[in-house]
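To be precise, the following lines are data.txt, and they hold compact mmCIF, C-alpha atoms and all ligand atoms.
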# COMPACT_ATOMS: atom_id res chain seq x y z
CA MET A 22 -32.38 26.23 -25.11
CA ILE A 23 -31.75 25.29 -28.73
CA PRO A 24 -30.64 28.10 -31.03
CA LEU A 25 -31.77 28.48 -34.65
CA PHE A 26 -28.11 28.86 -35.56
CA ASP A 27 -24.98 28.78 -33.38
CA MET A 28 -21.71 30.31 -34.56
CA LYS A 29 -19.84 29.66 -31.34
CA ARG A 30 -19.84 25.86 -31.54
CA GLN A 31 -18.05 25.96 -34.87
CA TYR A 32 -15.62 28.64 -33.75
CA LEU A 33 -14.56 26.66 -30.68
CA LYS A 34 -13.59 23.75 -32.96
CA LEU A 35 -11.64 25.92 -35.40
CA ARG A 36 -10.28 28.45 -32.95
CA GLY A 37 -6.59 27.49 -33.24
CA GLU A 38 -6.61 27.46 -37.02
CA ILE A 39 -8.51 30.72 -37.31
CA LEU A 40 -6.49 32.68 -34.78
CA ASP A 41 -3.36 31.49 -36.56
CA VAL A 42 -4.36 32.87 -39.99
CA VAL A 43 -5.78 36.06 -38.47
CA ASP A 44 -2.49 36.64 -36.70
CA LYS A 45 -0.58 36.10 -39.95
CA VAL A 46 -2.71 38.68 -41.77
CA PHE A 47 -2.42 41.25 -39.03
CA SER A 48 1.33 40.68 -38.63
CA SER A 49 1.89 40.99 -42.38
CA GLY A 50 0.56 44.53 -42.41
CA ARG A 51 -1.34 43.79 -45.62
CA VAL A 52 -5.06 43.87 -44.92
CA ILE A 53 -6.59 44.94 -48.28
CA LEU A 54 -6.35 42.92 -51.54
CA GLY A 55 -3.34 40.78 -50.74
CA GLU A 56 -2.46 37.13 -51.16
CA ASN A 57 -5.39 35.77 -49.16
CA VAL A 58 -8.02 37.37 -51.39
CA ARG A 59 -6.06 36.26 -54.45
CA GLU A 60 -5.66 32.67 -53.25
CA PHE A 61 -9.21 32.45 -51.96
CA GLU A 62 -10.47 33.56 -55.36
CA LYS A 63 -8.51 30.76 -57.03
CA GLU A 64 -9.65 28.15 -54.53
CA LEU A 65 -13.27 29.28 -54.81
CA ALA A 66 -13.21 29.25 -58.63
CA ASP A 67 -11.69 25.74 -58.55
CA TYR A 68 -14.28 24.51 -56.09
CA MET A 69 -17.14 25.84 -58.23
CA GLY A 70 -15.67 24.76 -61.55
CA VAL A 71 -15.81 28.35 -62.83
CA ARG A 72 -12.94 30.32 -64.40
CA CYS A 73 -13.07 33.54 -62.44
CA ALA A 74 -13.97 34.54 -58.89
CA VAL A 75 -13.80 38.06 -57.51
CA GLY A 76 -14.01 38.62 -53.75
CA VAL A 77 -16.34 41.45 -52.78
CA SER A 78 -17.68 43.17 -49.68
CA ASN A 79 -20.98 41.29 -49.25
CA GLY A 80 -23.71 39.45 -51.10
CA THR A 81 -25.76 42.58 -51.76
CA ASP A 82 -22.80 44.27 -53.44
CA ALA A 83 -22.15 41.04 -55.33
CA LEU A 84 -25.62 41.42 -56.86
CA ILE A 85 -25.27 45.16 -57.47
CA LEU A 86 -21.87 44.72 -59.15
CA SER A 87 -23.43 41.97 -61.29
CA MET A 88 -26.07 44.46 -62.47
CA MET A 89 -23.40 47.08 -63.18
CA ALA A 90 -21.19 44.60 -65.03
CA LEU A 91 -24.10 43.58 -67.26
CA ASP A 92 -24.91 47.23 -68.03
CA ILE A 93 -28.41 46.94 -66.62
CA GLY A 94 -29.83 50.46 -66.39
CA PHE A 95 -32.70 52.92 -66.47
CA GLU A 96 -36.12 51.25 -66.69
CA ASP A 97 -34.76 47.84 -67.61
CA LEU A 98 -36.62 44.97 -65.97
CA VAL A 99 -34.90 42.37 -63.82
CA LEU A 100 -36.96 39.29 -63.04
CA THR A 101 -36.82 37.53 -59.67
CA THR A 102 -39.26 36.10 -57.13
CA PRO A 103 -41.13 37.91 -54.37
CA TYR A 104 -40.24 35.12 -51.91
CA THR A 105 -36.59 35.83 -51.17
CA PHE A 106 -34.30 38.18 -49.28
CA ILE A 107 -34.72 41.84 -50.23
CA ALA A 108 -31.30 42.12 -51.91
CA SER A 109 -32.27 39.71 -54.72
CA ALA A 110 -34.69 42.39 -55.94
CA SER A 111 -33.30 45.68 -54.60
CA ALA A 112 -29.98 45.24 -56.45
CA ALA A 113 -31.79 46.17 -59.69
CA MET A 114 -32.96 49.48 -58.17
CA TRP A 115 -29.36 50.53 -57.48
CA VAL A 116 -28.78 50.72 -61.23
CA ARG A 117 -32.19 52.46 -61.72
CA ALA A 118 -33.70 49.32 -63.17
CA LEU A 119 -36.95 47.79 -61.89
CA PRO A 120 -37.51 44.39 -60.36
CA ALA A 121 -40.43 42.41 -61.77
CA PHE A 122 -41.66 39.33 -60.00
CA ILE A 123 -42.42 35.75 -60.97
CA ASP A 124 -44.14 33.55 -58.40
CA VAL A 125 -42.47 30.51 -56.84
CA GLU A 126 -43.41 26.84 -56.91
CA GLU A 127 -45.09 25.64 -53.76
CA THR A 128 -42.96 22.52 -53.30
CA THR A 129 -39.44 23.79 -54.03
CA MET A 130 -40.19 27.41 -53.01
CA ASN A 131 -37.95 28.41 -55.92
CA MET A 132 -38.89 30.41 -59.02
CA ASN A 133 -41.48 28.71 -61.22
CA LEU A 134 -39.42 28.27 -64.39
CA LYS A 135 -42.50 27.45 -66.43
CA LYS A 136 -43.93 30.87 -65.52
CA LEU A 137 -40.57 32.44 -66.30
CA GLU A 138 -40.64 30.97 -69.78
CA ASP A 139 -44.20 32.21 -70.28
CA VAL A 140 -43.16 35.74 -69.37
CA LEU A 141 -40.12 35.61 -71.66
CA LYS A 142 -42.31 34.36 -74.51
CA GLY A 143 -44.55 37.38 -74.03
CA ASN A 144 -47.55 35.41 -72.81
CA GLU A 145 -48.01 37.56 -69.70
CA ASN A 146 -48.74 41.27 -69.40
CA LEU A 147 -45.12 42.30 -69.26
CA ASN A 148 -42.97 43.36 -72.20
CA PRO A 149 -40.26 40.70 -72.52
CA LYS A 150 -38.09 43.08 -74.57
CA ARG A 151 -37.50 45.13 -71.44
CA VAL A 152 -36.22 42.15 -69.47
CA LYS A 153 -32.43 42.53 -69.28
CA ALA A 154 -31.53 40.02 -66.57
CA ILE A 155 -32.94 37.31 -64.33
CA VAL A 156 -31.89 36.90 -60.72
CA ALA A 157 -32.34 33.19 -60.05
CA VAL A 158 -32.32 32.45 -56.33
CA HIS A 159 -31.47 29.00 -54.96
CA LEU A 160 -33.66 29.50 -51.93
CA PHE A 161 -32.88 27.92 -48.55
CA GLY A 162 -30.11 25.84 -50.19
CA ARG A 163 -32.20 24.05 -52.78
CA THR A 164 -30.79 24.14 -56.30
CA LEU A 165 -32.98 25.38 -59.13
CA ASP A 166 -32.99 23.17 -62.23
CA LEU A 167 -29.62 24.30 -63.63
CA GLU A 168 -30.11 22.53 -66.92
CA LYS A 169 -33.34 24.41 -67.50
CA LEU A 170 -31.76 27.69 -66.39
CA LYS A 171 -28.89 27.22 -68.81
CA ASP A 172 -31.37 26.42 -71.52
CA ILE A 173 -33.45 29.54 -70.82
CA GLN A 174 -30.35 31.74 -70.72
CA GLU A 175 -29.20 30.42 -74.07
CA SER A 176 -32.50 30.29 -75.92
CA PHE A 177 -33.74 33.76 -74.85
CA GLY A 178 -30.29 35.36 -74.77
CA ILE A 179 -30.96 36.97 -71.39
CA PRO A 180 -28.19 36.82 -68.80
CA ILE A 181 -28.96 34.97 -65.61
CA VAL A 182 -27.46 36.12 -62.34
CA GLU A 183 -27.54 33.20 -59.95
CA ASP A 184 -28.11 34.29 -56.34
CA VAL A 185 -26.18 31.57 -54.52
CA ALA A 186 -26.14 33.31 -51.13
CA GLN A 187 -28.05 30.43 -49.54
CA ALA A 188 -26.77 27.50 -51.56
CA PHE A 189 -23.00 27.27 -51.27
CA GLY A 190 -21.94 23.80 -52.43
CA ALA A 191 -25.35 22.76 -53.76
CA GLU A 192 -25.44 20.78 -57.00
CA TRP A 193 -27.72 19.81 -59.87
CA LYS A 194 -27.55 16.56 -61.80
CA PHE A 195 -27.79 17.13 -65.56
CA SER A 196 -29.53 14.58 -67.77
CA ASP A 197 -26.16 13.31 -69.03
CA GLY A 198 -25.27 12.49 -65.42
CA ASP A 199 -22.96 15.50 -64.97
CA LEU A 200 -23.02 17.12 -61.53
CA ARG A 201 -22.63 20.88 -61.62
CA LYS A 202 -22.63 23.39 -58.79
CA ALA A 203 -25.18 26.11 -58.20
CA GLY A 204 -23.35 29.23 -59.37
CA SER A 205 -21.69 27.63 -62.37
CA VAL A 206 -24.24 28.20 -65.15
CA GLY A 207 -25.36 31.83 -64.81
CA LYS A 208 -23.59 34.56 -66.76
CA ILE A 209 -22.57 35.79 -63.31
CA SER A 210 -23.23 34.28 -59.91
CA ALA A 211 -23.37 36.15 -56.63
CA PHE A 212 -22.32 34.70 -53.27
CA SER A 213 -22.64 35.95 -49.71
CA PHE A 214 -20.37 35.00 -46.82
CA PHE A 215 -22.56 36.63 -44.18
CA PRO A 216 -21.79 34.81 -40.90
CA THR A 217 -24.95 32.67 -40.93
CA LYS A 218 -24.58 31.37 -44.50
CA ASN A 219 -23.29 27.83 -45.08
CA LEU A 220 -19.84 29.28 -45.73
CA GLY A 221 -19.69 32.29 -43.46
CA ALA A 222 -17.04 34.84 -42.50
CA TYR A 223 -16.90 36.70 -39.17
CA GLY A 224 -18.39 39.80 -40.69
CA ASP A 225 -19.60 40.70 -44.18
CA GLY A 226 -18.14 39.15 -47.31
CA GLY A 227 -19.16 38.03 -50.77
CA ALA A 228 -17.99 37.00 -54.22
CA VAL A 229 -18.97 37.15 -57.88
CA LEU A 230 -18.11 34.35 -60.28
CA THR A 231 -18.13 34.20 -64.05
CA ASN A 232 -16.70 32.21 -66.95
CA ASP A 233 -16.59 35.35 -69.11
CA GLY A 234 -13.10 36.90 -69.24
CA GLU A 235 -14.31 40.42 -70.02
CA LEU A 236 -16.91 40.39 -67.27
CA CYS A 237 -14.26 39.09 -64.89
CA GLU A 238 -12.00 42.01 -65.58
CA LYS A 239 -14.89 44.46 -65.34
CA LEU A 240 -16.00 43.03 -61.99
CA ARG A 241 -12.46 43.44 -60.64
CA MET A 242 -12.56 47.09 -61.66
CA LEU A 243 -16.08 47.65 -60.32
CA ARG A 244 -15.13 46.50 -56.82
CA ALA A 245 -12.25 49.01 -56.71
CA HIS A 246 -13.49 52.40 -57.94
CA GLY A 247 -13.57 51.39 -61.58
CA SER A 248 -9.81 51.23 -61.89
CA LYS A 249 -7.26 48.70 -63.08
CA VAL A 250 -4.32 50.98 -62.48
CA LYS A 251 -4.40 52.95 -59.24
CA TYR A 252 -5.88 56.45 -59.70
CA GLU A 253 -6.86 55.71 -63.29
CA HIS A 254 -10.67 55.44 -63.28
CA GLU A 255 -12.17 54.04 -66.48
CA ILE A 256 -15.70 53.28 -65.34
CA LEU A 257 -17.96 54.10 -62.41
CA GLY A 258 -17.10 51.69 -59.62
CA LYS A 259 -17.61 51.21 -55.89
CA ASN A 260 -15.49 50.38 -52.93
CA ALA A 261 -16.67 46.79 -52.58
CA ARG A 262 -13.66 44.68 -51.70
CA LEU A 263 -13.42 41.52 -49.63
CA ASP A 264 -11.07 42.05 -46.65
CA GLU A 265 -7.87 40.00 -46.35
CA VAL A 266 -8.81 38.82 -42.87
CA HIS A 267 -12.13 37.41 -44.07
CA ALA A 268 -10.50 35.81 -47.11
CA ALA A 269 -7.95 34.12 -44.84
CA ILE A 270 -10.70 32.76 -42.59
CA LEU A 271 -12.80 31.66 -45.57
CA ARG A 272 -9.80 29.71 -46.91
CA VAL A 273 -9.72 27.76 -43.65
CA LYS A 274 -13.47 27.16 -43.71
CA LEU A 275 -13.64 26.19 -47.39
CA LYS A 276 -11.80 22.96 -46.47
CA TYR A 277 -14.72 21.93 -44.24
CA ILE A 278 -17.70 23.07 -46.27
CA ASP A 279 -18.50 19.68 -47.84
CA LYS A 280 -18.38 17.99 -44.45
CA TRP A 281 -20.65 20.66 -42.96
CA ASN A 282 -23.11 20.45 -45.84
CA LYS A 283 -23.25 16.66 -45.46
CA ARG A 284 -24.08 17.06 -41.81
CA ARG A 285 -26.87 19.51 -42.69
CA VAL A 286 -28.34 16.86 -44.98
CA GLU A 287 -28.02 14.30 -42.19
CA VAL A 288 -29.88 16.63 -39.82
CA ALA A 289 -32.61 17.08 -42.45
CA LYS A 290 -32.94 13.29 -42.71
CA LEU A 291 -33.24 13.06 -38.97
CA TYR A 292 -36.03 15.66 -38.96
CA SER A 293 -37.81 13.66 -41.71
CA GLU A 294 -37.62 10.43 -39.73
CA PHE A 295 -38.97 12.04 -36.58
CA PHE A 296 -41.82 13.74 -38.47
CA GLU A 297 -42.79 10.42 -40.05
CA ASN A 298 -42.50 8.42 -36.83
CA GLU A 299 -44.50 10.95 -34.83
CA ARG A 300 -47.12 11.13 -37.61
CA LEU A 301 -46.80 14.88 -37.85
CA THR A 302 -47.33 14.89 -41.59
CA GLU A 303 -51.02 15.62 -41.14
CA PHE A 304 -49.97 19.02 -39.72
CA LEU A 305 -46.99 19.98 -41.83
CA GLU A 306 -44.91 19.33 -44.93
CA TYR A 307 -41.14 19.20 -44.68
CA PRO A 308 -38.29 19.46 -47.19
CA LYS A 309 -36.54 16.25 -48.18
CA PRO A 310 -32.89 15.76 -49.10
CA VAL A 311 -32.27 14.99 -52.76
CA ASP A 312 -31.35 11.36 -53.40
CA GLY A 313 -27.73 10.63 -54.31
CA TYR A 314 -26.27 14.13 -54.57
CA MET A 315 -26.26 17.54 -52.89
CA GLY A 316 -29.36 18.94 -54.52
CA HIS A 317 -30.27 20.71 -51.26
CA VAL A 318 -27.71 21.97 -48.73
CA PHE A 319 -30.30 23.11 -46.17
CA HIS A 320 -29.11 26.62 -45.48
CA GLN A 321 -32.48 26.78 -43.78
CA TYR A 322 -34.74 23.92 -42.82
CA VAL A 323 -38.18 25.33 -43.60
CA VAL A 324 -41.40 23.45 -42.92
CA LYS A 325 -44.83 24.45 -44.21
CA PHE A 326 -47.78 24.06 -41.87
CA LYS A 327 -51.21 23.12 -43.16
CA SER A 328 -52.78 26.06 -41.35
CA GLU A 329 -51.70 29.36 -39.85
CA LYS A 330 -53.07 28.23 -36.50
CA TYR A 331 -50.66 25.29 -36.40
CA ARG A 332 -47.77 27.66 -36.99
CA GLU A 333 -48.89 30.01 -34.23
CA THR A 334 -49.28 27.12 -31.80
CA VAL A 335 -45.78 25.84 -32.51
CA ILE A 336 -44.26 29.33 -32.24
CA GLU A 337 -45.85 29.76 -28.81
CA ALA A 338 -44.38 26.44 -27.68
CA PHE A 339 -40.94 27.32 -29.09
CA LYS A 340 -40.94 30.60 -27.17
CA LYS A 341 -41.76 28.81 -23.92
CA ARG A 342 -39.04 26.20 -24.43
CA GLU A 343 -36.49 28.68 -25.82
CA ILE A 344 -36.19 27.00 -29.18
CA GLY A 345 -34.92 29.24 -31.94
CA PHE A 346 -37.05 29.79 -35.05
CA ALA A 347 -37.54 32.32 -37.82
CA ILE A 348 -40.09 33.17 -40.46
CA TYR A 349 -38.53 33.47 -43.89
CA TYR A 350 -40.07 35.63 -45.22
CA PRO A 351 -43.00 37.15 -43.32
CA LYS A 352 -43.88 39.68 -46.04
CA PRO A 353 -43.31 38.91 -49.73
CA LEU A 354 -41.35 41.53 -51.62
CA HIS A 355 -44.19 42.70 -53.87
CA LEU A 356 -46.00 43.95 -50.75
CA GLN A 357 -42.99 45.82 -49.34
CA LYS A 358 -43.25 49.60 -49.13
CA VAL A 359 -39.94 50.08 -50.92
CA PHE A 360 -41.47 48.48 -54.01
CA GLU A 361 -44.90 50.15 -53.84
CA ASN A 362 -44.17 52.13 -57.01
CA LEU A 363 -44.06 48.88 -58.96
CA GLY A 364 -47.83 48.73 -58.60
CA TYR A 365 -48.26 45.20 -57.30
CA ARG A 366 -51.14 44.26 -55.04
CA GLU A 367 -52.07 41.58 -52.57
CA GLY A 368 -53.16 38.49 -54.49
CA ASP A 369 -50.68 39.02 -57.34
CA PHE A 370 -48.40 36.19 -56.22
CA PRO A 371 -50.59 33.76 -54.30
CA ILE A 372 -47.97 31.06 -53.70
CA SER A 373 -45.45 33.49 -52.20
CA GLU A 374 -48.18 35.00 -50.05
CA LYS A 375 -49.32 31.58 -48.90
CA LEU A 376 -45.78 30.50 -48.00
CA SER A 377 -45.24 33.71 -46.02
CA ASN A 378 -48.22 32.77 -43.89
CA LEU A 379 -47.40 29.11 -43.38
CA THR A 380 -43.65 28.49 -43.26
CA LEU A 381 -41.31 28.27 -40.31
CA ALA A 382 -37.53 27.75 -40.19
CA LEU A 383 -36.39 25.25 -37.54
CA PRO A 384 -32.94 25.03 -35.87
CA MET A 385 -30.38 23.94 -38.48
CA PHE A 386 -26.59 24.10 -38.37
CA PRO A 387 -23.90 21.43 -38.74
CA GLU A 388 -23.06 21.32 -35.04
CA ILE A 389 -26.63 20.72 -33.81
CA ARG A 390 -26.85 17.43 -31.88
CA ASP A 391 -29.22 14.57 -32.74
CA ASP A 392 -30.90 14.83 -29.34
CA GLU A 393 -31.58 18.52 -29.96
CA VAL A 394 -33.29 17.72 -33.26
CA GLU A 395 -35.38 15.15 -31.42
CA GLU A 396 -36.30 17.70 -28.77
CA VAL A 397 -37.43 20.22 -31.40
CA VAL A 398 -39.71 17.59 -32.92
CA THR A 399 -41.02 16.55 -29.51
CA VAL A 400 -41.96 20.13 -28.70
CA ILE A 401 -43.77 20.40 -32.05
CA LYS A 402 -45.58 17.13 -31.40
CA ASN A 403 -46.70 18.11 -27.93
CA ALA A 404 -47.85 21.51 -29.13
CA LEU A 405 -49.92 20.10 -32.01
CA LYS A 406 -51.17 16.87 -30.47
CA GLY A 407 -51.16 17.77 -26.77
C1 LIG B 501 -27.99 36.84 -47.55
C2 LIG B 501 -28.57 37.01 -48.87
C3 LIG B 501 -28.20 38.03 -49.74
C4 LIG B 501 -27.33 39.19 -49.34
O1 LIG B 501 -26.13 38.90 -48.78
P1 LIG B 501 -25.43 39.89 -47.77
O2 LIG B 501 -24.04 39.35 -47.69
O3 LIG B 501 -26.16 39.83 -46.48
O4 LIG B 501 -25.46 41.28 -48.36
C5 LIG B 501 -28.72 38.06 -51.02
N1 LIG B 501 -29.61 37.13 -51.42
C6 LIG B 501 -30.02 36.14 -50.61
C7 LIG B 501 -31.00 35.14 -51.13
C8 LIG B 501 -29.54 36.05 -49.30
O5 LIG B 501 -29.98 35.08 -48.50
Reformat the file's structure so that it appears as structure tokens.
Amino acid sequence: MIPLFDMKRQYLKLRGEILDVVDKVFSSGRVILGENVREFEKELADYMGVRCAVGVSNGTDALILSMMALDIGFEDLVLTTPYTFIASASAAMWVRALPAFIDVEETTMNMNLKKLEDVLKGNENLNPKRVKAIVAVHLFGRTLDLEKLKDIQESFGIPIVEDVAQAFGAEWKFSDGDLRKAGSVGKISAFSFFPTKNLGAYGDGGAVLTNDGELCEKLRMLRAHGSKVKYEHEILGKNARLDEVHAAILRVKLKYIDKWNKRRVEVAKLYSEFFENERLTEFLEYPKPVDGYMGHVFHQYVVKFKSEKYRETVIEAFKKREIGFAIYYPKPLHLQKVFENLGYREGDFPISEKLSNLTLALPMFPEIRDDEVEEVVTVIKNALKG
């Protein structure tokens, strides 16, 4: 049996350290908005090279609070892709705005920024004046072109909310050679610390980051009932705080994240080598690490088969051999019932639809062993060539 993701292996290594900080939090009697959230926010902001970080309850709330902070509202449009987790798009609906979709690129599986520019220039049948924000998702751990994003944000004057839920620690190399982290160029960036993410808590958690002082203050109010001073409510807020216990654990884990991300890249390289050696490239395409820097942190390792039949065959073999897998995402967002009022139809976003039919996520986590990666590839080989 090889799991898609295994939390227990990591916990067993960190058990002493984690139980120690958990005990300190519980013994202190301070479990909401204490020193751990405060210190974690500083450490996170430092790590990202951003001025302000605000710990929140989860990644979905991080996106919703971003919408609220930017005053997105009734009938505004928020652009994102249909090939992502539901929250990237549904956050807009919580402020009565509407998501509008832009298809992804087939190779990176991220938003097609050329198409985005076309829409913002008014070249597509969508009124660019109604577009009030863009949710830019770094899908599966692969960084979008941050230089281009920054450029688009500045030249069109539309705030970008980076959805960094899947790309903690990922970077982009700017043309002047500067390395900057995913989550450092958007007006606001939203993070999730859901247990399976690269930096995961033992429950729900999230954060919003910004370089804008006013937005920072507003986000702090929004996560705590719209108040700065207790029982003085200036704006409409939520209860969306990060718990002390999760912040304490995240502070422990933050020290290891670079090491874990490096191991993910190593595992991806290993997959590549096996696929090449076994000549499986006639059946599937696989994602490659970015040369020289952390352009992809492999939150998920997602291959794309050359036919649906190949994918079915491999899934059958995985089930027999108890190898974990997942399909991200089996139904693109524009075809989801919750969005049926938006009026999209099958065929509207052909790349997203194609990827939904052809992709498969393989086991990927820092603690996976080399021999397990080899076994996964062997099972694929035998299924496709046997
Ligand atoms: C996980 C995820 C979220 C939501 O995070 P939660 O903490 O689960 O609410 C948002 N966007 C993307 C792309 C995600 O993968």
### Query
Taking into account all atoms listed in the file, which residue in the set A:Leu40, A:Leu236, A:Leu84, A:Val125 is nearest to Ala186 in chain A?
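The shortest atom-to-atom distance to Ala186 in chain A comes from A:Leu84.
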### Message
At a cut-off of 7 Å around ligand LIG 501 (chain B), and using all atoms listed in the file, what residues come up? Please write them as a ChimeraX atom specification.
### Response
/A:79-82,105-106,108-109,158,160,184-187,213-215,225-227
### Query
Separation of CA of Asn260 in chain A and CA of His246 in chain A, in Å?
5.8 Å
Exercise: residues within 9 Å of coordinate (-34.5, 31.5, -31.9), counting only C-alpha atoms, as a short mmCIF file (atom, residue, chain, number, x, y, z; two decimals) with C-alpha atoms, in the coordinates of the input:
data_model
loop_
_atom_site.label_atom_id
_atom_site.label_comp_id
_atom_site.auth_asym_id
_atom_site.auth_seq_id
_atom_site.Cartn_x
_atom_site.Cartn_y
_atom_site.Cartn_z
CA MET A 22 -32.38 26.23 -25.11
CA ILE A 23 -31.75 25.29 -28.73
CA PRO A 24 -30.64 28.10 -31.03
CA LEU A 25 -31.77 28.48 -34.65
CA PHE A 26 -28.11 28.86 -35.56
CA PHE A 339 -40.94 27.32 -29.09
CA LYS A 340 -40.94 30.60 -27.17
CA GLU A 343 -36.49 28.68 -25.82
CA ILE A 344 -36.19 27.00 -29.18
CA GLY A 345 -34.92 29.24 -31.94
CA PHE A 346 -37.05 29.79 -35.05
CA ALA A 347 -37.54 32.32 -37.82
CA LEU A 383 -36.39 25.25 -37.54
CA PRO A 384 -32.94 25.03 -35.87
#
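In this structure, CA of Val273 in chain A sits 7.1 Å away from CA of Ile39 in chain A.
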Around the point (-23.0, 17.2, -46.3) (coordinates from the file), which residues reach within 10 Å if we count all atoms listed in the file? Answer as a PDB file with C-alpha atoms, in the frame of the given file.
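Output file out-v6.pdb follows:
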ATOM      1  CA  GLY A 190     -21.940  23.800 -52.430  1.00  0.00           C
ATOM      2  CA  ALA A 191     -25.350  22.760 -53.760  1.00  0.00           C
ATOM      3  CA  TYR A 277     -14.720  21.930 -44.240  1.00  0.00           C
ATOM      4  CA  ILE A 278     -17.700  23.070 -46.270  1.00  0.00           C
ATOM      5  CA  ASP A 279     -18.500  19.680 -47.840  1.00  0.00           C
ATOM      6  CA  LYS A 280     -18.380  17.990 -44.450  1.00  0.00           C
ATOM      7  CA  TRP A 281     -20.650  20.660 -42.960  1.00  0.00           C
ATOM      8  CA  ASN A 282     -23.110  20.450 -45.840  1.00  0.00           C
ATOM      9  CA  LYS A 283     -23.250  16.660 -45.460  1.00  0.00           C
ATOM     10  CA  ARG A 284     -24.080  17.060 -41.810  1.00  0.00           C
ATOM     11  CA  ARG A 285     -26.870  19.510 -42.690  1.00  0.00           C
ATOM     12  CA  VAL A 286     -28.340  16.860 -44.980  1.00  0.00           C
ATOM     13  CA  GLU A 287     -28.020  14.300 -42.190  1.00  0.00           C
ATOM     14  CA  VAL A 288     -29.880  16.630 -39.820  1.00  0.00           C
ATOM     15  CA  TYR A 314     -26.270  14.130 -54.570  1.00  0.00           C
ATOM     16  CA  MET A 315     -26.260  17.540 -52.890  1.00  0.00           C
ATOM     17  CA  HIS A 317     -30.270  20.710 -51.260  1.00  0.00           C
ATOM     18  CA  VAL A 318     -27.710  21.970 -48.730  1.00  0.00           C
ATOM     19  CA  PHE A 319     -30.300  23.110 -46.170  1.00  0.00           C
ATOM     20  CA  PRO A 387     -23.900  21.430 -38.740  1.00  0.00           C
TER      21      PRO A 387
END
### Query
For Pro371 in chain A, which residue out of A:His355, A:Phe177, A:Val335, A:Val398 is the nearest one, using only C-alpha atoms?
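Of all the options, A:His355 lies closest to Pro371 in chain A.
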### Query
Between A:Leu363, A:Ala74, A:Leu137, A:Val182, which has the minimum distance to Glu60 in chain A (counting only C-alpha atoms)?
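Closest to Glu60 in chain A of all the choices is A:Ala74.
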Contacts of Asn232 in chain A at 12 Å or less, counting only C-alpha atoms, minus same-chain residues fewer than 2 places along, as a PDB file with C-alpha atoms, in the coordinates of the input?
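Just written: selection-v2.pdb:
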ATOM      1  CA  ALA A  66     -13.210  29.250 -58.630  1.00  0.00           C
ATOM      2  CA  ASP A  67     -11.690  25.740 -58.550  1.00  0.00           C
ATOM      3  CA  MET A  69     -17.140  25.840 -58.230  1.00  0.00           C
ATOM      4  CA  GLY A  70     -15.670  24.760 -61.550  1.00  0.00           C
ATOM      5  CA  VAL A  71     -15.810  28.350 -62.830  1.00  0.00           C
ATOM      6  CA  ARG A  72     -12.940  30.320 -64.400  1.00  0.00           C
ATOM      7  CA  CYS A  73     -13.070  33.540 -62.440  1.00  0.00           C
ATOM      8  CA  ALA A  74     -13.970  34.540 -58.890  1.00  0.00           C
ATOM      9  CA  VAL A  75     -13.800  38.060 -57.510  1.00  0.00           C
ATOM     10  CA  GLY A 204     -23.350  29.230 -59.370  1.00  0.00           C
ATOM     11  CA  SER A 205     -21.690  27.630 -62.370  1.00  0.00           C
ATOM     12  CA  VAL A 206     -24.240  28.200 -65.150  1.00  0.00           C
ATOM     13  CA  GLY A 207     -25.360  31.830 -64.810  1.00  0.00           C
ATOM     14  CA  LYS A 208     -23.590  34.560 -66.760  1.00  0.00           C
ATOM     15  CA  ILE A 209     -22.570  35.790 -63.310  1.00  0.00           C
ATOM     16  CA  SER A 210     -23.230  34.280 -59.910  1.00  0.00           C
ATOM     17  CA  VAL A 229     -18.970  37.150 -57.880  1.00  0.00           C
ATOM     18  CA  LEU A 230     -18.110  34.350 -60.280  1.00  0.00           C
ATOM     19  CA  GLY A 234     -13.100  36.900 -69.240  1.00  0.00           C
ATOM     20  CA  GLU A 235     -14.310  40.420 -70.020  1.00  0.00           C
ATOM     21  CA  LEU A 236     -16.910  40.390 -67.270  1.00  0.00           C
ATOM     22  CA  CYS A 237     -14.260  39.090 -64.890  1.00  0.00           C
ATOM     23  CA  GLU A 238     -12.000  42.010 -65.580  1.00  0.00           C
ATOM     24  CA  LEU A 240     -16.000  43.030 -61.990  1.00  0.00           C
TER      25      LEU A 240
END
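Of the listed residues A:Leu167, A:Ile179, A:Leu54, A:Leu200, the one whose atoms come nearest to Ile93 in chain A is A:Ile179, with distances taken using all atoms listed in the file.
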### Task
Rounded to one decimal place, report the CA of Asp197 in chain A-CA of Asp139 in chain A distance in Å.
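Spanning CA of Asp197 in chain A to CA of Asp139 in chain A is a straight-line distance of 26.2 Å.
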#### Entry: Residue among A:Asp97, A:Glu127, A:Glu192, A:Glu297 lying closest to Val311 in chain A, counting only C-alpha atoms
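Once distances to Val311 in chain A are computed over only C-alpha atoms, the minimum belongs to A:Glu192.
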### Task
Kindly indicate which residue among A:Tyr292, A:Tyr331, A:Phe61, A:Tyr104 lies nearest to Gln357 in chain A, using all atoms listed in the file for the distances.
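Checking each candidate against Gln357 in chain A, we get A:Tyr104 as the closest.
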Spatial neighbours of Ala113 in chain A, max dist 9 Å, only C-alpha atoms, sep filter under 2 positions, as a CSV table (one decimal) with C-alpha atoms, keeping the file's coordinate frame:
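File selection04.csv, as written:
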chain,number,residue,atom,x,y,z
A,84,LEU,CA,-25.6,41.4,-56.9
A,85,ILE,CA,-25.3,45.2,-57.5
A,88,MET,CA,-26.1,44.5,-62.5
A,93,ILE,CA,-28.4,46.9,-66.6
A,94,GLY,CA,-29.8,50.5,-66.4
A,97,ASP,CA,-34.8,47.8,-67.6
A,98,LEU,CA,-36.6,45.0,-66.0
A,99,VAL,CA,-34.9,42.4,-63.8
A,108,ALA,CA,-31.3,42.1,-51.9
A,109,SER,CA,-32.3,39.7,-54.7
A,110,ALA,CA,-34.7,42.4,-55.9
A,111,SER,CA,-33.3,45.7,-54.6
A,115,TRP,CA,-29.4,50.5,-57.5
A,116,VAL,CA,-28.8,50.7,-61.2
A,117,ARG,CA,-32.2,52.5,-61.7
A,118,ALA,CA,-33.7,49.3,-63.2
A,119,LEU,CA,-37.0,47.8,-61.9
A,120,PRO,CA,-37.5,44.4,-60.4
